[in-house]
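**Q** The file below is final-v4.cif, mmCIF, C-alpha atoms:
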```cif
data_target
#
loop_
_atom_site.label_atom_id
_atom_site.label_comp_id
_atom_site.auth_asym_id
_atom_site.auth_seq_id
_atom_site.Cartn_x
_atom_site.Cartn_y
_atom_site.Cartn_z
CA MET A 1168 -59.72 38.35 70.39
CA THR A 1169 -56.63 39.20 72.50
CA LYS A 1170 -53.13 38.80 71.18
CA ARG A 1171 -52.35 36.20 73.86
CA PHE A 1172 -55.44 34.12 73.04
CA PHE A 1173 -54.58 34.24 69.33
CA SER A 1174 -51.02 32.98 70.00
CA THR A 1175 -52.30 30.13 72.18
CA LEU A 1176 -54.78 29.08 69.48
CA CYS A 1177 -52.07 29.03 66.81
CA LEU A 1178 -49.79 26.87 68.97
CA ALA A 1179 -52.62 24.41 69.60
CA LEU A 1180 -53.41 24.13 65.91
CA LEU A 1181 -49.73 23.65 65.07
CA ALA A 1182 -49.43 20.86 67.64
CA THR A 1183 -52.50 19.10 66.23
CA VAL A 1184 -51.25 19.26 62.64
CA THR A 1185 -47.80 17.99 63.68
CA THR A 1186 -49.31 15.02 65.54
CA ILE A 1187 -51.42 14.06 62.53
CA TRP A 1188 -48.40 14.30 60.25
CA ILE A 1189 -46.28 12.07 62.50
CA VAL A 1190 -48.98 9.39 62.74
CA ALA A 1191 -49.64 9.47 59.00
CA CYS A 1192 -45.98 9.02 58.18
CA GLN A 1193 -45.48 5.92 60.31
CA PRO A 1194 -44.77 2.77 58.25
CA ASN A 1195 -47.54 0.22 57.91
CA THR A 1196 -47.31 -2.69 60.31
CA PRO A 1197 -46.66 -5.87 58.31
CA PRO A 1198 -49.31 -8.59 58.41
CA THR A 1199 -49.01 -11.18 61.13
CA THR A 1200 -47.53 -14.51 60.15
CA ASN A 1201 -50.36 -17.03 60.14
CA SER A 1202 -48.23 -19.93 61.30
CA THR A 1203 -44.89 -21.55 60.88
CA SER A 1204 -43.53 -25.06 60.87
CA PRO A 1205 -42.79 -26.63 64.26
CA THR A 1206 -39.12 -25.91 63.61
CA SER A 1207 -39.65 -22.16 63.22
CA PRO A 1208 -40.36 -19.51 65.83
CA THR A 1209 -43.81 -17.97 65.61
CA ASN A 1210 -42.37 -14.49 65.21
CA SER A 1211 -39.31 -15.26 63.12
CA THR A 1212 -36.68 -12.62 62.53
CA ALA A 1213 -34.32 -12.43 59.60
CA PRO A 1214 -31.06 -14.29 60.22
CA THR A 1215 -27.82 -12.43 59.70
CA ASN A 1216 -25.93 -14.95 57.55
CA THR A 1217 -27.48 -13.78 54.30
CA GLY A 1218 -26.26 -14.97 50.93
CA SER A 1219 -25.89 -12.98 47.71
CA GLY A 1220 -29.62 -13.17 47.00
CA GLY A 1221 -32.76 -13.34 49.11
CA GLY A 1222 -32.69 -16.01 51.80
CA VAL A 1223 -29.75 -17.64 53.54
CA LYS A 1224 -27.16 -20.01 52.18
CA ASP A 1225 -27.23 -22.74 54.84
CA ASN A 1226 -30.98 -23.03 55.47
CA LEU A 1227 -34.06 -23.15 53.26
CA ARG A 1228 -36.48 -20.47 54.43
CA LEU A 1229 -39.69 -21.13 52.50
CA GLY A 1230 -42.66 -18.78 52.28
CA ALA A 1231 -46.24 -19.46 51.21
CA LEU A 1232 -48.44 -16.62 49.93
CA LEU A 1233 -51.95 -17.87 49.21
CA PRO A 1234 -55.60 -16.84 49.78
CA ILE A 1235 -56.60 -18.22 53.17
CA THR A 1236 -59.39 -15.62 53.20
CA GLY A 1237 -61.09 -13.57 50.50
CA ASP A 1238 -62.71 -14.40 47.17
CA LEU A 1239 -60.51 -17.44 46.44
CA SER A 1240 -60.19 -18.83 49.96
CA SER A 1241 -62.27 -21.95 49.24
CA ILE A 1242 -59.57 -23.05 46.80
CA GLY A 1243 -56.58 -21.49 48.57
CA ALA A 1244 -57.01 -23.13 52.00
CA PRO A 1245 -56.48 -26.72 50.70
CA MET A 1246 -53.48 -25.51 48.68
CA ILE A 1247 -51.85 -24.34 51.91
CA LYS A 1248 -52.43 -27.77 53.46
CA SER A 1249 -50.53 -29.43 50.64
CA ILE A 1250 -47.48 -27.25 51.34
CA ASP A 1251 -47.80 -28.03 55.05
CA PHE A 1252 -47.75 -31.70 54.05
CA LEU A 1253 -44.65 -31.26 51.88
CA VAL A 1254 -42.71 -29.45 54.60
CA GLU A 1255 -43.63 -32.05 57.20
CA THR A 1256 -42.64 -34.89 54.83
CA VAL A 1257 -39.25 -33.38 53.97
CA ASN A 1258 -38.43 -32.44 57.55
CA LYS A 1259 -39.17 -36.01 58.67
CA CYS A 1260 -36.65 -37.37 56.16
CA GLY A 1261 -33.83 -35.03 57.14
CA GLY A 1262 -34.85 -31.64 55.79
CA VAL A 1263 -32.85 -29.61 53.28
CA LEU A 1264 -29.16 -28.70 53.63
CA GLY A 1265 -29.06 -30.85 56.76
CA LYS A 1266 -31.68 -28.74 58.55
CA PRO A 1267 -35.47 -28.62 58.80
CA ILE A 1268 -37.16 -26.23 56.38
CA THR A 1269 -38.11 -22.96 58.04
CA TYR A 1270 -41.66 -22.32 56.81
CA ILE A 1271 -43.64 -19.08 57.03
CA LYS A 1272 -47.10 -18.73 55.49
CA GLU A 1273 -49.04 -15.56 54.78
CA ASP A 1274 -52.64 -14.82 53.78
CA ASP A 1275 -52.85 -12.60 50.69
CA ARG A 1276 -56.63 -12.22 51.21
CA THR A 1277 -57.13 -12.43 47.40
CA ASP A 1278 -56.14 -8.77 47.36
CA PRO A 1279 -53.13 -7.33 45.46
CA PRO A 1280 -52.18 -4.65 48.06
CA ALA A 1281 -52.44 -7.21 50.87
CA GLY A 1282 -50.36 -9.65 48.82
CA ALA A 1283 -47.66 -7.04 48.19
CA GLU A 1284 -47.56 -6.20 51.89
CA ALA A 1285 -47.30 -9.88 52.85
CA MET A 1286 -44.55 -10.50 50.28
CA THR A 1287 -42.65 -7.52 51.67
CA LYS A 1288 -42.78 -9.14 55.10
CA LEU A 1289 -41.66 -12.52 53.75
CA VAL A 1290 -38.72 -10.92 51.94
CA LYS A 1291 -37.63 -8.16 54.33
CA VAL A 1292 -38.49 -9.62 57.73
CA ASP A 1293 -38.53 -13.40 57.26
CA ASN A 1294 -35.72 -13.41 54.67
CA VAL A 1295 -37.12 -16.26 52.61
CA GLY A 1296 -35.27 -17.61 49.61
CA ALA A 1297 -38.39 -18.73 47.76
CA VAL A 1298 -42.17 -18.38 47.95
CA VAL A 1299 -44.98 -20.62 46.76
CA GLY A 1300 -47.64 -18.20 45.52
CA SER A 1301 -49.76 -16.58 44.78
CA PHE A 1302 -52.95 -18.03 43.30
CA ALA A 1303 -54.70 -14.97 41.86
CA SER A 1304 -52.73 -13.58 38.92
CA SER A 1305 -53.32 -10.02 40.08
CA VAL A 1306 -51.81 -10.83 43.48
CA SER A 1307 -48.81 -12.57 41.92
CA THR A 1308 -48.24 -9.49 39.77
CA ALA A 1309 -48.15 -7.29 42.87
CA ALA A 1310 -45.89 -9.73 44.73
CA LEU A 1311 -43.41 -10.02 41.86
CA ALA A 1312 -42.63 -6.31 42.19
CA ILE A 1313 -41.07 -7.21 45.55
CA SER A 1314 -39.71 -10.74 45.02
CA VAL A 1315 -37.79 -10.24 41.76
CA PRO A 1316 -35.72 -7.17 42.74
CA ASN A 1317 -34.82 -8.94 45.99
CA LYS A 1318 -33.75 -12.14 44.19
CA VAL A 1319 -36.43 -14.33 45.74
CA VAL A 1320 -37.78 -17.23 43.63
CA GLN A 1321 -41.57 -17.17 43.27
CA ILE A 1322 -43.44 -20.27 42.04
CA SER A 1323 -47.19 -19.99 41.56
CA PRO A 1324 -49.35 -23.12 41.67
CA GLY A 1325 -52.23 -21.37 39.92
CA SER A 1326 -51.60 -17.88 38.47
CA THR A 1327 -52.43 -18.70 34.88
CA SER A 1328 -52.57 -15.31 33.13
CA PRO A 1329 -50.72 -15.25 29.78
CA VAL A 1330 -49.30 -11.85 30.80
CA PHE A 1331 -46.58 -13.60 32.81
CA THR A 1332 -45.27 -15.39 29.72
CA GLU A 1333 -45.19 -12.10 27.81
CA ARG A 1334 -43.27 -10.39 30.61
CA ALA A 1335 -40.87 -13.31 30.97
CA LYS A 1336 -40.09 -13.12 27.25
CA LYS A 1337 -39.09 -9.49 27.80
CA GLY A 1338 -36.66 -10.59 30.51
CA GLU A 1339 -38.52 -8.83 33.32
CA PHE A 1340 -38.26 -11.67 35.85
CA ASN A 1341 -34.58 -12.62 35.48
CA GLY A 1342 -35.40 -16.30 36.05
CA TYR A 1343 -37.05 -15.79 39.46
CA TRP A 1344 -40.61 -16.63 38.28
CA TYR A 1345 -42.11 -20.09 37.59
CA ARG A 1346 -45.48 -21.80 37.76
CA THR A 1347 -46.60 -25.40 38.03
CA ALA A 1348 -49.98 -24.77 36.37
CA PRO A 1349 -50.04 -24.04 32.63
CA PRO A 1350 -50.91 -20.55 31.35
CA ASP A 1351 -54.41 -19.70 30.15
CA THR A 1352 -53.29 -19.60 26.55
CA TYR A 1353 -53.68 -23.39 26.80
CA GLN A 1354 -56.79 -23.51 29.00
CA ALA A 1355 -58.58 -20.93 26.84
CA LEU A 1356 -58.02 -23.14 23.82
CA ALA A 1357 -59.27 -26.17 25.76
CA LEU A 1358 -62.43 -24.27 26.83
CA ALA A 1359 -63.00 -23.05 23.27
CA ASN A 1360 -62.70 -26.63 21.99
CA LEU A 1361 -65.17 -27.76 24.66
CA ALA A 1362 -67.69 -25.03 23.75
CA TYR A 1363 -67.54 -25.89 20.06
CA LYS A 1364 -67.73 -29.61 20.78
CA LYS A 1365 -70.94 -29.02 22.76
CA GLY A 1366 -72.54 -27.28 19.77
CA ALA A 1367 -72.10 -23.64 20.78
CA ARG A 1368 -71.54 -21.34 17.82
CA LYS A 1369 -72.49 -17.99 19.38
CA VAL A 1370 -70.74 -17.36 22.70
CA ALA A 1371 -70.58 -14.33 25.00
CA THR A 1372 -67.75 -13.74 27.45
CA LEU A 1373 -68.11 -12.63 31.06
CA VAL A 1374 -64.84 -12.05 32.92
CA ILE A 1375 -63.50 -10.57 36.12
CA ASN A 1376 -61.70 -7.34 35.29
CA ASN A 1377 -58.13 -8.27 36.23
CA ASP A 1378 -55.05 -9.95 34.70
CA TYR A 1379 -56.61 -13.40 34.97
CA GLY A 1380 -60.00 -12.56 33.46
CA VAL A 1381 -58.91 -10.22 30.68
CA GLY A 1382 -55.94 -12.39 29.69
CA PHE A 1383 -58.14 -15.49 29.49
CA GLU A 1384 -60.78 -13.57 27.51
CA LYS A 1385 -58.25 -12.49 24.90
CA SER A 1386 -56.99 -16.04 24.37
CA PHE A 1387 -60.49 -17.57 24.38
CA VAL A 1388 -61.85 -15.13 21.78
CA ALA A 1389 -58.95 -15.84 19.42
CA ALA A 1390 -59.28 -19.62 19.87
CA PHE A 1391 -63.08 -19.75 19.46
CA GLU A 1392 -63.09 -17.55 16.36
CA LYS A 1393 -60.38 -19.72 14.83
CA LEU A 1394 -62.73 -22.70 15.24
CA GLY A 1395 -65.41 -20.80 13.30
CA GLY A 1396 -67.48 -19.51 16.22
CA THR A 1397 -68.74 -15.98 16.92
CA ILE A 1398 -68.21 -13.89 20.07
CA VAL A 1399 -71.43 -11.90 20.30
CA ASN A 1400 -70.12 -9.23 22.68
CA LYS A 1401 -66.63 -8.94 21.23
CA ASN A 1402 -66.96 -5.23 20.49
CA LYS A 1403 -68.27 -4.52 23.99
CA PRO A 1404 -66.83 -7.21 26.28
CA THR A 1405 -68.44 -7.75 29.67
CA ARG A 1406 -65.91 -7.28 32.45
CA TYR A 1407 -67.06 -6.94 36.03
CA ASP A 1408 -65.51 -5.23 39.05
CA PRO A 1409 -65.32 -7.77 41.92
CA LYS A 1410 -65.78 -4.94 44.44
CA ALA A 1411 -69.07 -3.78 42.90
CA THR A 1412 -72.30 -4.21 44.88
CA THR A 1413 -74.72 -4.83 41.98
CA PHE A 1414 -74.23 -6.78 38.75
CA GLU A 1415 -77.48 -6.43 36.80
CA ALA A 1416 -75.85 -4.53 33.91
CA GLU A 1417 -73.01 -7.05 33.61
CA ALA A 1418 -75.45 -9.96 33.67
CA LYS A 1419 -77.48 -8.38 30.88
CA GLY A 1420 -74.33 -7.56 28.90
CA ALA A 1421 -73.24 -11.21 28.82
CA PHE A 1422 -76.54 -13.10 28.74
CA GLY A 1423 -78.89 -10.56 27.14
CA SER A 1424 -77.90 -11.23 23.53
CA LYS A 1425 -79.20 -14.82 23.81
CA PRO A 1426 -75.92 -16.65 23.13
CA ASP A 1427 -75.67 -20.43 22.94
CA ALA A 1428 -73.22 -20.28 25.84
CA VAL A 1429 -71.46 -17.85 28.15
CA ALA A 1430 -67.77 -18.37 28.89
CA ALA A 1431 -67.63 -17.09 32.47
CA ILE A 1432 -64.14 -16.43 33.86
CA LEU A 1433 -64.88 -15.66 37.50
CA TYR A 1434 -63.90 -15.71 41.14
CA PRO A 1435 -66.36 -17.53 43.42
CA ASP A 1436 -67.97 -14.85 45.62
CA SER A 1437 -68.23 -12.01 43.13
CA GLY A 1438 -68.79 -14.29 40.13
CA GLY A 1439 -71.61 -16.07 41.89
CA ALA A 1440 -73.40 -12.75 42.31
CA VAL A 1441 -73.21 -12.09 38.55
CA ILE A 1442 -74.63 -15.49 37.61
CA LYS A 1443 -77.39 -15.11 40.20
CA ALA A 1444 -78.28 -11.66 38.81
CA ALA A 1445 -78.57 -13.17 35.32
CA PHE A 1446 -80.89 -15.90 36.61
CA GLU A 1447 -83.07 -13.40 38.47
CA GLN A 1448 -83.49 -11.44 35.23
CA GLY A 1449 -84.58 -14.61 33.42
CA LEU A 1450 -81.52 -14.60 31.15
CA THR A 1451 -79.97 -18.01 31.85
CA LYS A 1452 -82.64 -20.21 30.26
CA ASP A 1453 -81.24 -22.41 27.47
CA VAL A 1454 -77.77 -20.86 27.86
CA LYS A 1455 -74.89 -23.23 28.57
CA ILE A 1456 -72.62 -21.83 31.29
CA LEU A 1457 -68.93 -22.58 30.80
CA LEU A 1458 -66.62 -22.11 33.78
CA THR A 1459 -62.94 -22.39 34.62
CA ASP A 1460 -60.51 -23.25 37.39
CA GLY A 1461 -61.27 -20.20 39.54
CA VAL A 1462 -64.67 -21.56 40.63
CA LYS A 1463 -64.09 -25.31 40.76
CA THR A 1464 -65.42 -25.71 44.26
CA GLU A 1465 -68.62 -27.27 45.56
CA ASP A 1466 -69.32 -24.09 47.52
CA PHE A 1467 -69.84 -22.16 44.27
CA PRO A 1468 -73.13 -23.80 43.14
CA LYS A 1469 -74.48 -23.47 46.69
CA LEU A 1470 -73.59 -19.78 46.69
CA ILE A 1471 -75.71 -19.16 43.59
CA GLY A 1472 -78.60 -21.15 45.00
CA ASN A 1473 -81.72 -22.88 43.70
CA THR A 1474 -84.61 -22.18 41.36
CA PRO A 1475 -88.12 -21.66 42.85
CA GLU A 1476 -88.69 -25.35 42.05
CA GLY A 1477 -85.76 -26.30 44.26
CA LYS A 1478 -83.33 -27.22 41.49
CA LEU A 1479 -79.75 -26.00 41.51
CA ILE A 1480 -79.37 -22.98 39.21
CA LEU A 1481 -75.89 -24.08 38.13
CA ALA A 1482 -76.72 -27.76 37.55
CA GLY A 1483 -75.29 -28.91 34.22
CA ALA A 1484 -72.69 -26.16 33.97
CA LEU A 1485 -69.37 -27.31 32.53
CA GLY A 1486 -65.86 -26.16 33.29
CA THR A 1487 -62.19 -26.79 32.67
CA VAL A 1488 -59.31 -26.92 35.15
CA PRO A 1489 -55.62 -27.80 34.77
CA GLY A 1490 -55.56 -31.53 35.33
CA ALA A 1491 -53.20 -33.59 37.41
CA ASP A 1492 -51.79 -36.71 35.80
CA GLY A 1493 -48.40 -37.17 37.43
CA LYS A 1494 -46.85 -40.56 38.03
CA SER A 1495 -47.16 -40.12 41.80
CA LEU A 1496 -50.72 -38.73 41.76
CA ASP A 1497 -52.40 -41.84 43.16
CA THR A 1498 -49.86 -42.16 45.96
CA PHE A 1499 -50.11 -38.46 46.76
CA THR A 1500 -53.92 -38.48 46.69
CA LYS A 1501 -54.07 -41.34 49.18
CA ALA A 1502 -51.44 -39.80 51.48
CA PHE A 1503 -53.10 -36.38 51.39
CA LYS A 1504 -56.48 -37.87 52.26
CA GLU A 1505 -54.99 -39.81 55.17
CA LYS A 1506 -53.22 -36.72 56.47
CA THR A 1507 -55.98 -34.12 56.07
CA GLY A 1508 -59.20 -36.10 55.74
CA GLN A 1509 -59.91 -34.17 52.52
CA ASP A 1510 -60.25 -35.20 48.90
CA LEU A 1511 -57.88 -33.61 46.42
CA GLY A 1512 -59.03 -30.13 45.37
CA ALA A 1513 -58.03 -28.03 42.39
CA PHE A 1514 -54.36 -26.99 42.36
CA VAL A 1515 -53.49 -29.02 45.47
CA PRO A 1516 -50.97 -31.25 43.60
CA HIS A 1517 -49.57 -28.15 41.85
CA SER A 1518 -48.94 -26.49 45.23
CA TYR A 1519 -47.18 -29.56 46.60
CA ASP A 1520 -45.00 -29.79 43.49
CA ALA A 1521 -44.07 -26.09 43.65
CA ALA A 1522 -42.76 -26.52 47.19
CA ALA A 1523 -41.07 -29.81 46.27
CA LEU A 1524 -39.15 -28.20 43.39
CA ILE A 1525 -37.89 -25.46 45.70
CA ALA A 1526 -36.68 -27.98 48.28
CA ILE A 1527 -34.95 -30.19 45.70
CA ALA A 1528 -33.35 -27.23 43.91
CA ALA A 1529 -31.99 -25.80 47.17
CA GLU A 1530 -30.40 -29.15 48.03
CA ALA A 1531 -28.96 -29.50 44.52
CA ALA A 1532 -27.46 -26.02 44.74
CA LYS A 1533 -26.27 -26.56 48.33
CA ASP A 1534 -27.69 -23.09 48.79
CA GLY A 1535 -30.97 -21.80 50.27
CA THR A 1536 -30.80 -18.36 48.65
CA GLY A 1537 -33.06 -17.37 45.79
CA GLU A 1538 -30.03 -17.14 43.55
CA GLY A 1539 -28.99 -20.67 44.42
CA ILE A 1540 -32.49 -22.11 43.97
CA LYS A 1541 -32.86 -20.35 40.63
CA SER A 1542 -29.60 -21.85 39.38
CA LYS A 1543 -30.87 -25.43 39.78
CA ILE A 1544 -34.65 -25.40 39.50
CA ARG A 1545 -34.98 -26.14 35.78
CA GLU A 1546 -32.17 -28.67 36.03
CA VAL A 1547 -34.00 -30.77 38.64
CA ALA A 1548 -37.40 -30.33 36.93
CA ASN A 1549 -36.41 -31.31 33.41
CA ALA A 1550 -34.68 -34.16 31.57
CA PRO A 1551 -32.06 -35.51 31.36
CA GLY A 1552 -31.70 -37.24 34.67
CA GLN A 1553 -33.11 -40.10 36.69
CA GLU A 1554 -36.89 -39.85 36.85
CA VAL A 1555 -38.02 -39.69 40.47
CA SER A 1556 -41.39 -38.92 42.06
CA ASP A 1557 -40.68 -39.27 45.78
CA VAL A 1558 -39.43 -35.93 47.11
CA CYS A 1559 -37.27 -37.49 49.85
CA GLU A 1560 -35.60 -39.78 47.33
CA ALA A 1561 -35.07 -36.83 44.99
CA ILE A 1562 -33.36 -34.82 47.74
CA LYS A 1563 -31.10 -37.77 48.60
CA LEU A 1564 -30.10 -38.25 44.97
CA VAL A 1565 -29.18 -34.61 44.34
CA LYS A 1566 -27.35 -34.50 47.67
CA ASP A 1567 -25.21 -37.34 46.29
CA GLY A 1568 -24.57 -35.34 43.12
CA LYS A 1569 -26.93 -37.29 40.85
CA ASP A 1570 -28.91 -35.70 38.00
CA ILE A 1571 -32.69 -36.08 38.36
CA ASP A 1572 -35.89 -35.33 36.46
CA TYR A 1573 -38.60 -34.71 39.06
CA GLN A 1574 -41.96 -36.19 38.09
CA GLY A 1575 -44.59 -34.45 40.20
CA ALA A 1576 -48.05 -35.38 41.38
CA SER A 1577 -49.53 -32.76 39.02
CA GLY A 1578 -47.47 -33.82 36.01
CA ASN A 1579 -43.92 -34.03 34.70
CA ILE A 1580 -43.27 -30.35 35.58
CA ASP A 1581 -40.99 -29.63 32.62
CA LEU A 1582 -40.28 -25.90 32.99
CA ASP A 1583 -39.50 -23.93 29.84
CA GLU A 1584 -37.24 -20.88 29.66
CA TYR A 1585 -40.15 -18.60 30.59
CA GLY A 1586 -41.08 -20.59 33.69
CA ASP A 1587 -44.13 -22.25 32.10
CA VAL A 1588 -45.36 -25.84 31.95
CA LYS A 1589 -47.78 -27.45 29.54
CA GLY A 1590 -50.62 -29.68 30.63
CA SER A 1591 -53.94 -31.33 29.94
CA TYR A 1592 -57.28 -30.17 31.32
CA ASP A 1593 -60.04 -31.93 33.18
CA VAL A 1594 -63.63 -31.21 32.12
CA TRP A 1595 -65.90 -30.98 35.14
CA GLU A 1596 -69.65 -30.76 35.47
CA VAL A 1597 -71.90 -29.49 38.26
CA GLN A 1598 -74.20 -32.37 39.21
CA PRO A 1599 -77.87 -31.87 40.25
CA ASP A 1600 -76.88 -32.35 43.92
CA GLY A 1601 -74.12 -29.73 43.66
CA LYS A 1602 -71.25 -32.19 43.55
CA ILE A 1603 -68.52 -31.62 40.99
CA LYS A 1604 -67.63 -34.55 38.76
CA VAL A 1605 -64.76 -34.80 36.28
CA ILE A 1606 -66.32 -36.20 33.11
CA ASP A 1607 -63.63 -35.86 30.44
CA ARG A 1608 -60.19 -34.58 29.63
CA VAL A 1609 -59.30 -32.21 26.81
CA SER A 1610 -55.97 -31.06 25.45
CA PRO A 1611 -55.12 -27.65 23.97
#
```
Represent the structure contained in this file as structure tokens.
**A**
Amino acid sequence: MTKRFFSTLCLALLATVTTIWIVACQPNTPPTTNSTSPTSPTNSTAPTNTGSGGGVKDNLRLGALLPITGDLSSIGAPMIKSIDFLVETVNKCGGVLGKPITYIKEDDRTDPPAGAEAMTKLVKVDNVGAVVGSFASSVSTAALAISVPNKVVQISPGSTSPVFTERAKKGEFNGYWYRTAPPDTYQALALANLAYKKGARKVATLVINNDYGVGFEKSFVAAFEKLGGTIVNKNKPTRYDPKATTFEAEAKGAFGSKPDAVAAILYPDSGGAVIKAAFEQGLTKDVKILLTDGVKTEDFPKLIGNTPEGKLILAGALGTVPGADGKSLDTFTKAFKEKTGQDLGAFVPHSYDAAALIAIAAEAAKDGTGEGIKSKIREVANAPGQEVSDVCEAIKLVKDGKDIDYQGASGNIDLDEYGDVKGSYDVWEVQPDGKIKVIDRVSP
């Protein structure tokens, strides 16, 4: 090898390594905005008149961060439509702060890294003052790491992990976190009461291995044991990885000990595969399957499929879901059906109410920043004040300086100091034809 050839080779290698390094160090391109309101540009840029917190003082810039795709998309897509409906309603009656709401929605893909990336875009590029989202507790956890330090209010319509209450008690969120669905400490107690009421004394747990599943499992085990029941796999809980490709071991771990019932805390796509694996191993016979809010969709029974005799595998399964019993629920249900052609799905009223609270609080504060919204949100949600259910009327009243107590479609939305609400729970059952029917209501 000549000296000249050796020098040329070294320069070529150095150039290649440098190119790779430059490409690798480029920042990730933020996810594309799915859509905006008619009043917002498709590719919105952050305005310059920023306030002291996230967002801008003279305009409400509202973000939505929900699963349009991914494991929870069957529930997330209707939730987005309810926020669309809220924004359209408010903008028709004059908007907030004298202007239409600027609305940017992002798909978190039911994935924490994707959710964090989308929240970064909403905060840093779109300069929102508040965000409705996310649904999955694990995604909300990832998003909070961006929203809270940047003083952006985040209201989840469905992240129910008890972990958020624990963190709020430690002062980690500084008042920038709220939710319109009650935490699983309440739903777990409701599901435990339902299991015991149905005669189950030996129950196994099967949960998705994330904040939602493990937090629910902890609360359910404590509640069921307090009633006098036994958790048969307590010492070796069954927790599944949603990214796994096979679930035979997890199915056997939950169903193999022949419990009276299995409390299954799942997401639809991955959870359906676990239940199907249990059926294929002959483990589901005579075992009552108890489900929760994460799979309350008519697509879920279809995903699991039928027995060789043509009967639905999941027929007769029972579940709980945060109920909606607000004073305006009937009016909202009718209006939503007329607008979208869809019946009310799980967490749809909670999503509408989350966006409504943000709009009302911004008007009450005369400030679209996260700091301004935070300063008024509990005030407009809680007593004392004139009870009002219509969001346009509520905005008019606070604009005139009146005290209000917003009564939502999902409930009275009384927010405590940790951002939580309490609520009742609907009991739903999978019918033989795959339809889901609410058959009862239980309280924690």
**Q** Any chance you could work out the residue set of the PyMOL selection byres ((chain A and resi 1525) around 12) here, as a ChimeraX atom specification?
**A** /A:1227-1231,1250,1253-1254,1257,1263,1268,1295-1299,1319-1323,1343-1347,1518-1524,1526-1548,1558,1561-1562,1573
**Q** Return the single residue from A:Asp1408, A:Asp1238, A:Glu1273, A:Glu1554 that is closest to Gly1575 in chain A, with distances computed using all atoms listed in the file.
**A**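 The shortest atom-to-atom distance to Gly1575 in chain A comes from A:Glu1554.
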**Q** I want to know what sits within 9 Å of range 1486-1495 of chain A, based on only C-alpha atoms, with residues of the same chain fewer than 4 positions away left out; could you give that as a PyMOL selection string?
**A** chain A and resi 1325+1348-1349+1354+1357-1358+1361+1456-1463+1499-1500+1513-1514+1516-1517+1556-1557+1574-1580+1590-1597+1608-1609
**Q** Kindly compute an axis-aligned box around the listed atoms of range 1234-1240 of chain A, allowing 6 Å on each side, and express its centre and edge lengths in Å to one decimal as AutoDock Vina command-line options.
**A**
```
--center_x -59.2 --center_y -16.2 --center_z 49.8 --size_x 19.1 --size_y 17.3 --size_z 18.8
```
**Q** Looking at A:Ala1389, A:Ile1271, A:Val1399, A:Ile1375, which one is nearest to Tyr1353 in chain A, with distances taken over only C-alpha atoms?
**A**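 Residue with the minimum atom-to-atom distance to Tyr1353 in chain A: A:Ala1389.
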**Q** In Å, with one decimal, what is the gap from CA of Phe1467 in chain A to CA of Pro1435 in chain A?
**A** 5.9 Å
